[in-house]
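Visitor: So that you have it, the file is target.cif, and it contains mmCIF, C-alpha atoms:
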```
data_final
#
loop_
_atom_site.label_atom_id
_atom_site.label_comp_id
_atom_site.auth_asym_id
_atom_site.auth_seq_id
_atom_site.Cartn_x
_atom_site.Cartn_y
_atom_site.Cartn_z
CA MET A 208 72.39 114.67 99.83
CA ASN A 209 75.98 114.06 100.91
CA LEU A 210 75.73 110.42 99.81
CA LEU A 211 74.57 111.42 96.33
CA ASN A 212 77.41 113.93 95.97
CA ARG A 213 79.95 111.30 97.00
CA TYR A 214 78.46 108.91 94.43
CA LEU A 215 78.62 111.50 91.65
CA GLN A 216 82.19 112.36 92.63
CA ALA A 217 83.16 108.68 92.28
CA VAL A 218 81.55 108.51 88.83
CA ALA A 219 83.02 111.82 87.67
CA ARG A 220 86.66 110.82 88.18
CA LEU A 221 86.20 107.99 85.62
CA LEU A 222 84.46 110.05 82.94
CA PRO A 223 86.01 111.78 79.91
CA LYS A 224 86.70 115.39 80.88
CA ALA A 225 85.05 116.80 77.76
CA ARG A 226 81.62 115.32 78.68
CA ARG A 227 81.99 115.08 82.45
CA ASP A 228 79.85 118.07 83.48
CA ASP A 229 76.96 117.20 81.16
CA ILE A 230 76.90 113.54 82.23
CA ILE A 231 77.04 114.37 85.94
CA ALA A 232 74.21 116.88 85.53
CA GLU A 233 72.11 114.23 83.78
CA LEU A 234 72.86 111.61 86.45
CA ARG A 235 72.10 114.04 89.26
CA ALA A 236 68.72 114.89 87.74
CA ASN A 237 67.79 111.22 87.19
CA ILE A 238 68.77 110.08 90.68
CA LEU A 239 67.16 113.07 92.38
CA SER A 240 63.96 112.31 90.49
CA GLN A 241 64.01 108.72 91.77
CA MET A 242 64.63 109.89 95.33
CA GLU A 243 61.86 112.47 95.17
CA ASP A 244 59.41 109.90 93.81
CA ARG A 245 60.33 107.56 96.66
CA GLU A 246 59.93 110.33 99.25
CA GLU A 247 56.52 111.20 97.83
CA ALA A 248 55.45 107.54 98.03
CA LEU A 249 56.62 107.24 101.65
CA GLY A 250 55.42 110.68 102.71
CA ARG A 251 58.70 111.48 104.47
CA PRO A 252 62.38 112.20 103.74
CA LEU A 253 64.55 109.22 102.88
CA THR A 254 66.91 107.77 105.41
CA GLU A 255 70.55 107.23 104.55
CA ASP A 256 69.94 103.49 104.12
CA GLU A 257 67.13 104.18 101.66
CA GLN A 258 69.29 106.63 99.70
CA ALA A 259 72.08 104.05 99.63
CA GLU A 260 69.70 101.41 98.27
CA ILE A 261 68.67 103.68 95.37
CA LEU A 262 72.31 104.39 94.56
CA ARG A 263 73.21 100.70 94.80
CA ARG A 264 70.47 99.80 92.32
CA HIS A 265 71.67 102.55 90.02
CA GLY A 266 75.02 100.80 89.74
CA ASN A 267 78.66 100.76 90.79
CA PRO A 268 80.36 104.06 89.83
CA THR A 269 82.91 102.19 87.70
CA LEU A 270 80.17 100.46 85.69
CA VAL A 271 78.08 103.60 85.38
CA ALA A 272 81.05 105.55 84.03
CA GLY A 273 81.76 102.72 81.57
CA ARG A 274 78.29 103.11 80.04
CA TYR A 275 79.17 106.62 78.92
CA ARG A 276 82.43 105.66 77.21
CA GLU A 277 82.46 106.09 73.46
CA GLY A 278 81.95 103.02 71.30
CA ASN A 279 79.95 101.00 73.86
CA LEU A 280 81.75 97.83 72.74
CA GLY A 281 82.17 94.48 74.46
CA LEU A 282 83.89 91.14 74.00
CA ALA A 283 81.90 88.02 73.13
CA PHE A 284 82.55 84.55 71.76
CA GLY A 285 79.08 83.07 71.60
CA VAL A 286 78.48 84.42 75.11
CA GLN A 287 79.44 87.83 76.38
CA LEU A 288 82.77 87.67 78.19
CA ILE A 289 83.25 91.37 78.93
CA GLY A 290 80.38 93.86 78.96
CA PRO A 291 80.51 97.41 77.56
CA GLU A 292 80.93 98.86 81.05
CA LEU A 293 84.25 97.08 81.67
CA PHE A 294 85.46 96.89 78.07
CA PRO A 295 87.09 100.37 77.94
CA PHE A 296 89.24 99.55 80.97
CA TYR A 297 90.04 96.09 79.58
CA ARG A 298 91.06 97.51 76.20
CA ASN A 299 93.26 100.27 77.63
CA ILE A 300 95.12 97.98 80.04
CA LEU A 301 95.55 95.28 77.39
CA PHE A 302 96.89 97.62 74.69
CA LEU A 303 99.26 99.42 77.03
CA ASN A 304 100.52 96.16 78.50
CA MET A 305 101.12 94.61 75.08
CA GLY A 306 102.79 97.78 73.78
CA ILE A 307 105.35 97.82 76.58
CA THR A 308 105.94 94.08 76.19
CA LEU A 309 106.62 94.45 72.47
CA LEU A 310 108.92 97.39 73.16
CA ILE A 311 110.96 95.18 75.51
CA LEU A 312 110.91 91.91 73.56
CA PHE A 313 111.46 93.11 69.98
CA PRO A 314 115.06 94.26 70.57
CA VAL A 315 115.78 90.89 72.19
CA SER A 316 114.29 89.05 69.23
CA PHE A 317 116.52 90.91 66.79
CA ILE A 318 119.63 90.03 68.78
CA GLY A 319 118.91 86.31 68.66
CA ARG A 320 116.58 84.76 66.11
CA ALA A 321 116.18 81.66 68.23
CA VAL A 322 114.05 83.69 70.62
CA PHE A 323 111.88 85.38 67.98
CA PRO A 324 109.17 82.66 67.86
CA SER A 325 108.95 82.85 71.65
CA ILE A 326 107.98 86.53 71.55
CA PHE A 327 104.37 85.52 70.95
CA ILE A 328 104.15 83.36 74.06
CA PRO A 329 104.32 86.27 76.58
CA LEU A 330 101.80 88.19 74.46
CA VAL A 331 99.36 85.27 74.40
CA MET A 332 99.81 84.79 78.15
CA GLN A 333 99.07 88.46 78.85
CA VAL A 334 95.98 88.49 76.61
CA THR A 335 94.72 85.29 78.23
CA ILE A 336 95.33 86.39 81.83
CA ILE A 337 93.91 89.91 81.42
CA THR A 338 90.88 88.59 79.50
CA LEU A 339 90.30 85.95 82.19
CA ILE A 340 90.45 88.52 85.00
CA PHE A 341 87.93 90.84 83.34
CA SER A 342 85.71 87.91 82.30
CA LEU A 343 85.50 86.77 85.92
CA LEU A 344 84.72 90.30 87.05
CA ASN A 345 81.94 90.44 84.45
CA ARG A 346 80.54 86.94 85.08
CA TYR A 347 80.39 87.02 88.86
CA LYS A 348 79.25 90.66 89.02
CA VAL A 349 82.00 91.48 91.48
CA LEU A 350 81.45 95.20 91.00
CA ASP A 351 77.78 94.88 91.92
CA LYS A 352 78.74 93.91 95.47
CA TRP A 353 79.40 97.34 96.89
CA ASP A 354 78.12 99.71 99.55
CA PRO A 355 77.48 103.39 98.65
CA ARG A 356 78.08 104.33 102.29
CA LYS A 357 81.74 103.33 101.89
CA LEU A 358 82.38 105.77 99.05
CA PRO A 359 85.25 108.25 99.59
CA GLU A 360 84.38 111.49 101.34
CA LEU A 361 83.83 114.62 99.29
CA LYS A 362 86.96 116.49 98.27
CA ALA A 363 87.45 120.10 97.22
CA VAL A 364 88.90 118.88 93.92
CA ALA A 365 87.63 115.51 92.76
CA GLU A 366 90.28 112.98 91.77
CA ASP A 367 90.43 111.69 88.24
CA GLY A 368 90.46 108.02 87.38
CA PRO A 369 93.57 106.02 86.55
CA THR A 370 96.46 108.36 85.78
CA GLY A 371 99.21 107.74 83.25
CA ARG A 372 101.67 107.25 86.09
CA ASN A 373 99.49 104.67 87.86
CA ILE A 374 98.89 102.76 84.64
CA PHE A 375 102.60 102.82 83.78
CA GLU A 376 103.56 101.55 87.26
CA PHE A 377 101.00 98.75 87.08
CA VAL A 378 101.99 97.65 83.59
CA SER A 379 105.72 97.89 84.37
CA LEU A 380 105.28 95.72 87.46
CA ALA A 381 103.14 93.19 85.56
CA VAL A 382 105.63 92.97 82.68
CA GLY A 383 108.58 92.77 85.09
CA THR A 384 106.91 89.96 87.02
CA ALA A 385 106.18 88.04 83.81
CA TRP A 386 109.77 88.64 82.66
CA LEU A 387 111.19 87.26 85.92
CA ALA A 388 108.80 84.29 85.89
CA LEU A 389 109.74 83.38 82.30
CA THR A 390 113.50 83.80 82.70
CA PRO A 391 114.20 80.23 83.96
CA LYS A 392 112.55 78.85 80.82
CA TRP A 393 114.08 81.48 78.51
CA PRO A 394 117.35 82.75 80.08
CA TYR A 395 117.88 84.85 76.96
CA LEU A 396 115.35 87.34 78.34
CA MET A 397 117.78 88.28 81.13
CA LEU A 398 121.23 87.37 79.82
CA GLY A 399 120.81 88.09 76.12
CA PRO A 400 123.49 86.42 73.97
CA GLY A 401 125.26 85.35 77.18
CA ALA A 402 122.58 82.68 77.63
CA LEU A 403 124.23 80.71 74.81
CA TRP A 404 127.21 80.05 77.13
CA LEU A 405 125.18 78.60 80.00
CA PRO A 406 125.44 74.94 78.91
CA SER A 407 129.24 75.11 78.66
CA LEU A 408 129.55 76.80 82.09
CA ASP A 409 127.47 74.14 83.87
CA VAL A 410 125.67 76.76 86.00
CA LYS A 411 124.06 75.49 89.20
CA ALA A 412 122.19 77.40 91.92
CA PHE A 413 122.28 76.58 95.62
CA SER A 414 119.81 73.97 96.81
CA ARG A 415 117.26 76.33 98.40
CA TRP A 416 117.05 78.73 95.45
CA PRO A 417 113.73 77.31 94.04
CA LEU A 418 112.05 78.06 97.40
CA PHE A 419 113.29 81.67 97.47
CA TYR A 420 112.54 82.17 93.79
CA GLY A 421 108.97 80.96 94.25
CA ALA A 422 108.48 83.28 97.24
CA ILE A 423 109.79 86.28 95.28
CA VAL A 424 107.53 85.60 92.28
CA ALA A 425 104.53 85.05 94.59
CA LEU A 426 105.13 88.40 96.33
CA LEU A 427 105.43 90.15 92.97
CA CYS A 428 102.16 88.57 91.80
CA ALA A 429 100.46 89.77 94.99
CA GLU A 430 101.82 93.27 94.33
CA VAL A 431 100.41 93.15 90.78
CA VAL A 432 96.96 92.25 92.16
CA LEU A 433 97.17 95.07 94.72
CA ARG A 434 98.19 97.61 92.07
CA PHE A 435 95.30 96.44 89.88
CA PHE A 436 92.74 97.18 92.59
CA THR A 437 94.32 100.50 93.54
CA LEU A 438 94.57 101.52 89.88
CA PHE A 439 90.82 102.21 89.82
CA ARG A 440 90.74 103.03 93.55
CA TRP A 441 88.56 99.99 94.25
CA MET A 442 90.40 99.64 97.57
CA PRO A 443 90.42 102.37 100.22
CA ARG A 444 93.71 104.24 100.39
CA ALA A 445 94.46 103.25 103.98
CA ARG A 446 93.85 99.55 103.34
CA ALA A 447 95.96 99.66 100.18
CA ARG A 448 98.84 101.19 102.14
CA ILE A 449 98.55 98.56 104.87
CA ALA A 450 98.55 95.77 102.29
CA ASP A 451 101.54 97.36 100.53
CA LEU A 452 103.37 97.64 103.86
CA VAL A 453 102.74 93.94 104.61
CA LEU A 454 104.11 92.97 101.19
CA ARG A 455 107.17 95.19 101.65
CA VAL A 456 107.95 93.71 105.06
CA ALA A 457 107.54 90.22 103.62
CA GLY A 458 109.85 91.20 100.75
CA VAL A 459 112.52 92.52 103.13
CA THR A 460 112.28 89.30 105.16
CA VAL A 461 112.67 87.04 102.12
CA LEU A 462 115.55 89.10 100.69
CA THR A 463 117.34 89.22 104.05
CA LEU A 464 117.10 85.45 104.46
CA LEU A 465 118.30 85.05 100.89
CA PHE A 466 121.24 87.40 101.48
CA PHE A 467 122.47 85.30 104.39
CA GLN A 468 122.41 82.17 102.24
CA GLY A 469 125.47 83.59 100.46
CA PRO A 470 128.05 84.17 99.35
CA HIS A 471 127.96 80.92 97.35
CA PHE A 472 124.70 81.36 95.44
CA ILE A 473 125.96 80.05 92.10
CA SER A 474 128.60 77.58 91.01
CA THR A 475 130.07 77.23 87.52
CA SER A 476 132.97 75.51 85.84
CA ASP A 477 134.81 78.86 85.61
CA PRO A 478 136.03 80.27 88.98
CA ASP A 479 136.18 83.87 87.69
CA VAL A 480 132.61 83.74 86.40
CA THR A 481 131.47 82.17 89.68
CA GLU A 482 133.04 84.94 91.76
CA TRP A 483 131.64 87.72 89.55
CA ALA A 484 128.14 86.16 89.47
CA ASN A 485 127.99 85.68 93.25
CA GLN A 486 129.17 89.23 93.99
CA THR A 487 126.71 90.73 91.50
CA PHE A 488 123.86 88.62 92.84
CA GLN A 489 124.62 89.60 96.44
CA TRP A 490 124.76 93.30 95.57
CA CYS A 491 121.44 93.05 93.74
CA ILE A 492 119.82 91.38 96.75
CA ALA A 493 121.17 94.04 99.11
CA ILE A 494 119.97 96.93 96.90
CA ALA A 495 116.51 95.37 96.47
CA ALA A 496 116.21 94.82 100.24
CA LEU A 497 117.18 98.44 100.96
CA ILE A 498 114.61 99.73 98.46
CA HIS A 499 111.89 97.62 100.07
CA LEU A 500 113.01 98.72 103.54
CA TRP A 501 112.88 102.39 102.57
CA ARG A 502 109.41 101.96 101.05
CA ALA A 503 108.18 100.05 104.10
CA GLY A 504 109.46 102.81 106.39
CA TRP A 505 107.79 105.50 104.30
CA LEU A 506 104.46 103.62 104.33
CA PHE A 507 104.69 103.02 108.10
CA PHE A 508 105.28 106.68 108.95
CA SER A 509 102.62 107.79 106.45
CA LEU A 510 100.07 105.57 108.17
CA LEU A 511 101.10 106.92 111.57
CA ARG A 512 100.80 110.49 110.33
CA ASP A 513 97.35 109.88 108.83
CA ARG A 514 96.16 108.19 112.01
CA HIS A 515 97.43 111.08 114.13
CA GLN A 516 95.63 113.58 111.91
CA MET A 517 92.36 111.65 112.30
CA LEU A 518 92.49 111.63 116.11
CA PRO A 519 90.23 114.23 117.71
CA ALA A 520 91.92 117.19 119.26
CA ARG A 521 92.24 117.14 123.05
CA GLN A 522 89.82 119.24 125.00
CA TYR A 523 91.22 121.34 127.80
#
```
Go through the file and emit its structure as structure tokens.
Guide:
Amino acid sequence: MNLLNRYLQAVARLLPKARRDDIIAELRANILSQMEDREEALGRPLTEDEQAEILRRHGNPTLVAGRYREGNLGLAFGVQLIGPELFPFYRNILFLNMGITLLILFPVSFIGRAVFPSIFIPLVMQVTIITLIFSLLNRYKVLDKWDPRKLPELKAVAEDGPTGRNIFEFVSLAVGTAWLALTPKWPYLMLGPGALWLPSLDVKAFSRWPLFYGAIVALLCAEVVLRFFTLFRWMPRARARIADLVLRVAGVTVLTLLFFQGPHFISTSDPDVTEWANQTFQWCIAIAALIHLWRAGWLFFSLLRDRHQMLPARQY
């Protein structure tokens, strides 16, 4: 029953700790009963494929765990947008995301009243995007398309679901990406009161900046999607690391090409401001590229180490 134990392990890491043991015991009894009934009907032990089919019909571990969350709520406007299985994850991500956004934007709104009405726009965008993502997951039954045989192997200590650190990293990245994407429209988000001086300085970026800016935002959006899938461990660890490595290498490439476009990234009517802005911008690019390079190197050697540990020992 290795497959059943792997299934129950995947469910357990998403359950509330207070009720985890009781729920897993109940699930084990129900699934074992179904398997025994099937074995009795066939007159033989079940094959792994037949066990996997029973587990697949029972439901994706994420959805099964969602059924045991307190409240059993959903989201509906005439039709059901988000079912009770996904709603707890939707609610937690949405509230945490909005909380961090308000924490960042409220101080900005108090500094300049002109920005205060705009504080609601990022909030509406986040609610809309997060609701749309979960609605699509619910509508197209994405989580129903899974294979029990690809569940993680049994571990001595089962992993819990999304941790506070993972959630914080995901939300921080999502908010940071939204902040960077909105800055061209609302420079106040980055420059604060200094944005009021932009018209008088006649600030202009170099001609290829829109291309680099679009590439940077696209890479950040891809990273947000990757973090979303790894948040609930819907993607195998090795694949997630490979995808992260590809994004880091792409990031280093874009930042390196951007660095060599300098040193004249920005021009203004004030020579002193121009020199300071270009130097600051170049330093920021260099630091960001080094961080991505370090992360890419760490991921590369981690993958090599894991692959070496999986190779069978030589026989002499």
Visitor: Determine the residue membership of the PyMOL selection byres ((chain A and resi 498-505) around 12) for the file above and supply it as a ChimeraX atom specification.
Guide: /A:448-463,491-497,506-512
Visitor: Let me have the centre and edge lengths in Å, one decimal, of the box along x, y and z around every listed atom of range 267-271 of chain A with 3 Å of margin on each side, as AutoDock Vina command-line options.
Guide:
```
--center_x 80.5 --center_y 102.3 --center_z 88.1 --size_x 10.8 --size_y 9.6 --size_z 11.4
```
Visitor: Might you pull out every residue within 12 Å of Asn237 in chain A, with only C-alpha atoms counted and same-chain residues fewer than 6 positions away left off, and present them as a VMD selection string?
Guide: chain A and resid 211 215 230 to 231 243 to 244 261 to 262 265
Visitor: Just C-alpha atoms for this one: save the residues we selected as a PDB file, keeping the file's coordinate frame.
Guide:
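Result file again_25.pdb:
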```
ATOM      1  CA  LEU A 211      74.570 111.420  96.330  1.00  0.00           C
ATOM      2  CA  LEU A 215      78.620 111.500  91.650  1.00  0.00           C
ATOM      3  CA  ILE A 230      76.900 113.540  82.230  1.00  0.00           C
ATOM      4  CA  ILE A 231      77.040 114.370  85.940  1.00  0.00           C
ATOM      5  CA  GLU A 243      61.860 112.470  95.170  1.00  0.00           C
ATOM      6  CA  ASP A 244      59.410 109.900  93.810  1.00  0.00           C
ATOM      7  CA  ILE A 261      68.670 103.680  95.370  1.00  0.00           C
ATOM      8  CA  LEU A 262      72.310 104.390  94.560  1.00  0.00           C
ATOM      9  CA  HIS A 265      71.670 102.550  90.020  1.00  0.00           C
TER      10      HIS A 265
END
```
Visitor: In Å, rounded to a single decimal, give me how far CA of Leu330 in chain A is from CA of Phe302 in chain A.
Guide: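 Going from CA of Phe302 in chain A over to CA of Leu330 in chain A covers 10.6 Å.
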Visitor: Figure out the distance between CA of Glu247 in chain A and CA of Ala272 in chain A, please, to one decimal in Å.
Guide: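 Atom-to-atom, CA of Ala272 in chain A and CA of Glu247 in chain A are spaced 28.7 Å apart.
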Visitor: Between CA of Phe439 in chain A and CA of Leu387 in chain A, measure the distance and give it in Å to one decimal.
Guide: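 Distance reported for this atom pair: 25.6 Å.
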Visitor: Could you tell me which residues the PyMOL selection byres ((chain A and resi 338) around 12) grabs in this file, written as JSON, numbers by chain?
Guide: {"A": [281, 282, 283, 287, 288, 289, 290, 293, 294, 296, 297, 298, 300, 301, 302, 331, 332, 333, 334, 335, 336, 337, 339, 340, 341, 342, 343, 344, 345, 346]}
Visitor: Closest to Leu405 in chain A among A:Met442, A:Val480, A:Leu234, A:Leu249, using all atoms listed in the file?
Guide: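 Under the stated criterion, the closest residue is A:Val480.
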Visitor: To test your reading of the syntax: which residues would the PyMOL selection byres ((chain A and resi 437) around 12) return for the file shown? Reply as a short mmCIF file (atom, residue, chain, number, x, y, z; two decimals) with C-alpha atoms, keeping the file's coordinate frame.
Guide:
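That gives us expr01.cif:
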```cif
data_model
loop_
_atom_site.label_atom_id
_atom_site.label_comp_id
_atom_site.auth_asym_id
_atom_site.auth_seq_id
_atom_site.Cartn_x
_atom_site.Cartn_y
_atom_site.Cartn_z
CA GLY A 368 90.46 108.02 87.38
CA PRO A 369 93.57 106.02 86.55
CA THR A 370 96.46 108.36 85.78
CA ASN A 373 99.49 104.67 87.86
CA ILE A 374 98.89 102.76 84.64
CA GLU A 376 103.56 101.55 87.26
CA PHE A 377 101.00 98.75 87.08
CA GLU A 430 101.82 93.27 94.33
CA VAL A 431 100.41 93.15 90.78
CA VAL A 432 96.96 92.25 92.16
CA LEU A 433 97.17 95.07 94.72
CA ARG A 434 98.19 97.61 92.07
CA PHE A 435 95.30 96.44 89.88
CA PHE A 436 92.74 97.18 92.59
CA LEU A 438 94.57 101.52 89.88
CA PHE A 439 90.82 102.21 89.82
CA ARG A 440 90.74 103.03 93.55
CA TRP A 441 88.56 99.99 94.25
CA MET A 442 90.40 99.64 97.57
CA PRO A 443 90.42 102.37 100.22
CA ARG A 444 93.71 104.24 100.39
CA ALA A 445 94.46 103.25 103.98
CA ARG A 446 93.85 99.55 103.34
CA ALA A 447 95.96 99.66 100.18
CA ARG A 448 98.84 101.19 102.14
CA ALA A 450 98.55 95.77 102.29
CA ASP A 451 101.54 97.36 100.53
#
```
Visitor: Under the rule that all atoms listed in the file are counted, which of A:Ala412, A:Leu380, A:Ala217, A:Leu427 is the nearest residue to Phe488 in chain A?
Guide: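 Closest candidate: A:Ala412.
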Visitor: Pick from A:Glu246, A:Asp409, A:Asp351, A:Asp229: nearest to Arg263 in chain A, with all atoms listed in the file counted?
Guide: A:Asp351
Visitor: Might you pull out every residue within 12 Å of Tyr275 in chain A, with all atoms listed in the file counted and same-chain residues fewer than 6 positions away left off, and present them as a count of residues only?
Guide: 21
Visitor: Is there a way to complete range 401-411 of chain A with all heavy atoms and then write that out as a PDB file, keeping the file's coordinate frame?
Guide:
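As a result, selection.pdb now contains:
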```pdb
ATOM      1  N   GLY A 401     124.512  86.106  76.186  1.00  0.00           N
ATOM      2  CA  GLY A 401     125.260  85.350  77.180  1.00  0.00           C
ATOM      3  C   GLY A 401     124.596  84.045  77.554  1.00  0.00           C
ATOM      4  O   GLY A 401     125.254  83.127  78.069  1.00  0.00           O
ATOM      5  N   ALA A 402     123.283  83.928  77.301  1.00  0.00           N
ATOM      6  CA  ALA A 402     122.580  82.680  77.630  1.00  0.00           C
ATOM      7  C   ALA A 402     123.103  81.512  76.810  1.00  0.00           C
ATOM      8  O   ALA A 402     122.971  80.350  77.226  1.00  0.00           O
ATOM      9  CB  ALA A 402     121.086  82.854  77.397  1.00  0.00           C
ATOM     10  N   LEU A 403     123.699  81.787  75.652  1.00  0.00           N
ATOM     11  CA  LEU A 403     124.230  80.710  74.810  1.00  0.00           C
ATOM     12  C   LEU A 403     125.398  79.987  75.476  1.00  0.00           C
ATOM     13  O   LEU A 403     125.728  78.857  75.117  1.00  0.00           O
ATOM     14  CB  LEU A 403     124.664  81.277  73.461  1.00  0.00           C
ATOM     15  CG  LEU A 403     123.562  81.976  72.636  1.00  0.00           C
ATOM     16  CD1 LEU A 403     124.150  82.590  71.373  1.00  0.00           C
ATOM     17  CD2 LEU A 403     122.463  80.986  72.285  1.00  0.00           C
ATOM     18  N   TRP A 404     126.058  80.644  76.455  1.00  0.00           N
ATOM     19  CA  TRP A 404     127.210  80.050  77.130  1.00  0.00           C
ATOM     20  C   TRP A 404     126.834  79.253  78.363  1.00  0.00           C
ATOM     21  O   TRP A 404     127.690  78.604  78.971  1.00  0.00           O
ATOM     22  CB  TRP A 404     128.191  81.163  77.539  1.00  0.00           C
ATOM     23  CG  TRP A 404     128.774  81.904  76.378  1.00  0.00           C
ATOM     24  CD1 TRP A 404     128.310  83.061  75.824  1.00  0.00           C
ATOM     25  CD2 TRP A 404     129.920  81.522  75.614  1.00  0.00           C
ATOM     26  NE1 TRP A 404     129.080  83.434  74.768  1.00  0.00           N
ATOM     27  CE2 TRP A 404     130.092  82.514  74.601  1.00  0.00           C
ATOM     28  CE3 TRP A 404     130.819  80.454  75.670  1.00  0.00           C
ATOM     29  CZ2 TRP A 404     131.115  82.453  73.686  1.00  0.00           C
ATOM     30  CZ3 TRP A 404     131.850  80.395  74.746  1.00  0.00           C
ATOM     31  CH2 TRP A 404     131.986  81.379  73.763  1.00  0.00           C
ATOM     32  N   LEU A 405     125.576  79.293  78.772  1.00  0.00           N
ATOM     33  CA  LEU A 405     125.180  78.600  80.000  1.00  0.00           C
ATOM     34  C   LEU A 405     125.467  77.101  79.982  1.00  0.00           C
ATOM     35  O   LEU A 405     125.967  76.559  80.972  1.00  0.00           O
ATOM     36  CB  LEU A 405     123.689  78.861  80.274  1.00  0.00           C
ATOM     37  CG  LEU A 405     123.320  80.285  80.702  1.00  0.00           C
ATOM     38  CD1 LEU A 405     121.807  80.398  80.911  1.00  0.00           C
ATOM     39  CD2 LEU A 405     124.057  80.680  81.965  1.00  0.00           C
ATOM     40  N   PRO A 406     125.161  76.381  78.889  1.00  0.00           N
ATOM     41  CA  PRO A 406     125.440  74.940  78.910  1.00  0.00           C
ATOM     42  C   PRO A 406     126.908  74.604  79.134  1.00  0.00           C
ATOM     43  O   PRO A 406     127.234  73.659  79.862  1.00  0.00           O
ATOM     44  CB  PRO A 406     124.962  74.468  77.522  1.00  0.00           C
ATOM     45  CG  PRO A 406     123.941  75.482  77.119  1.00  0.00           C
ATOM     46  CD  PRO A 406     124.439  76.780  77.658  1.00  0.00           C
ATOM     47  N   SER A 407     127.808  75.409  78.525  1.00  0.00           N
ATOM     48  CA  SER A 407     129.240  75.110  78.660  1.00  0.00           C
ATOM     49  C   SER A 407     129.776  75.473  80.052  1.00  0.00           C
ATOM     50  O   SER A 407     130.787  74.929  80.487  1.00  0.00           O
ATOM     51  CB  SER A 407     130.027  75.875  77.598  1.00  0.00           C
ATOM     52  OG  SER A 407     129.872  77.275  77.759  1.00  0.00           O
ATOM     53  N   LEU A 408     129.088  76.393  80.766  1.00  0.00           N
ATOM     54  CA  LEU A 408     129.550  76.800  82.090  1.00  0.00           C
ATOM     55  C   LEU A 408     129.027  75.901  83.203  1.00  0.00           C
ATOM     56  O   LEU A 408     129.488  75.997  84.344  1.00  0.00           O
ATOM     57  CB  LEU A 408     129.103  78.247  82.372  1.00  0.00           C
ATOM     58  CG  LEU A 408     129.823  79.336  81.573  1.00  0.00           C
ATOM     59  CD1 LEU A 408     129.154  80.684  81.802  1.00  0.00           C
ATOM     60  CD2 LEU A 408     131.297  79.404  81.960  1.00  0.00           C
ATOM     61  N   ASP A 409     128.047  75.057  82.878  1.00  0.00           N
ATOM     62  CA  ASP A 409     127.470  74.140  83.870  1.00  0.00           C
ATOM     63  C   ASP A 409     127.026  74.913  85.128  1.00  0.00           C
ATOM     64  O   ASP A 409     127.446  74.633  86.258  1.00  0.00           O
ATOM     65  CB  ASP A 409     128.495  73.072  84.252  1.00  0.00           C
ATOM     66  CG  ASP A 409     127.877  71.952  85.092  1.00  0.00           C
ATOM     67  OD1 ASP A 409     126.649  71.760  84.975  1.00  0.00           O
ATOM     68  OD2 ASP A 409     128.607  71.318  85.873  1.00  0.00           O
ATOM     69  N   VAL A 410     126.138  75.894  84.908  1.00  0.00           N
ATOM     70  CA  VAL A 410     125.670  76.760  86.000  1.00  0.00           C
ATOM     71  C   VAL A 410     124.702  76.004  86.900  1.00  0.00           C
ATOM     72  O   VAL A 410     123.770  75.353  86.430  1.00  0.00           O
ATOM     73  CB  VAL A 410     124.991  78.021  85.430  1.00  0.00           C
ATOM     74  CG1 VAL A 410     124.479  78.903  86.561  1.00  0.00           C
ATOM     75  CG2 VAL A 410     125.957  78.798  84.551  1.00  0.00           C
ATOM     76  N   LYS A 411     124.940  76.112  88.210  1.00  0.00           N
ATOM     77  CA  LYS A 411     124.060  75.490  89.200  1.00  0.00           C
ATOM     78  C   LYS A 411     123.805  76.470  90.340  1.00  0.00           C
ATOM     79  O   LYS A 411     124.722  77.155  90.788  1.00  0.00           O
ATOM     80  CB  LYS A 411     124.686  74.211  89.766  1.00  0.00           C
ATOM     81  CG  LYS A 411     124.874  73.105  88.735  1.00  0.00           C
ATOM     82  CD  LYS A 411     125.517  71.882  89.367  1.00  0.00           C
ATOM     83  CE  LYS A 411     125.722  70.775  88.330  1.00  0.00           C
ATOM     84  NZ  LYS A 411     126.383  69.587  88.919  1.00  0.00           N
TER      85      LYS A 411
END
```
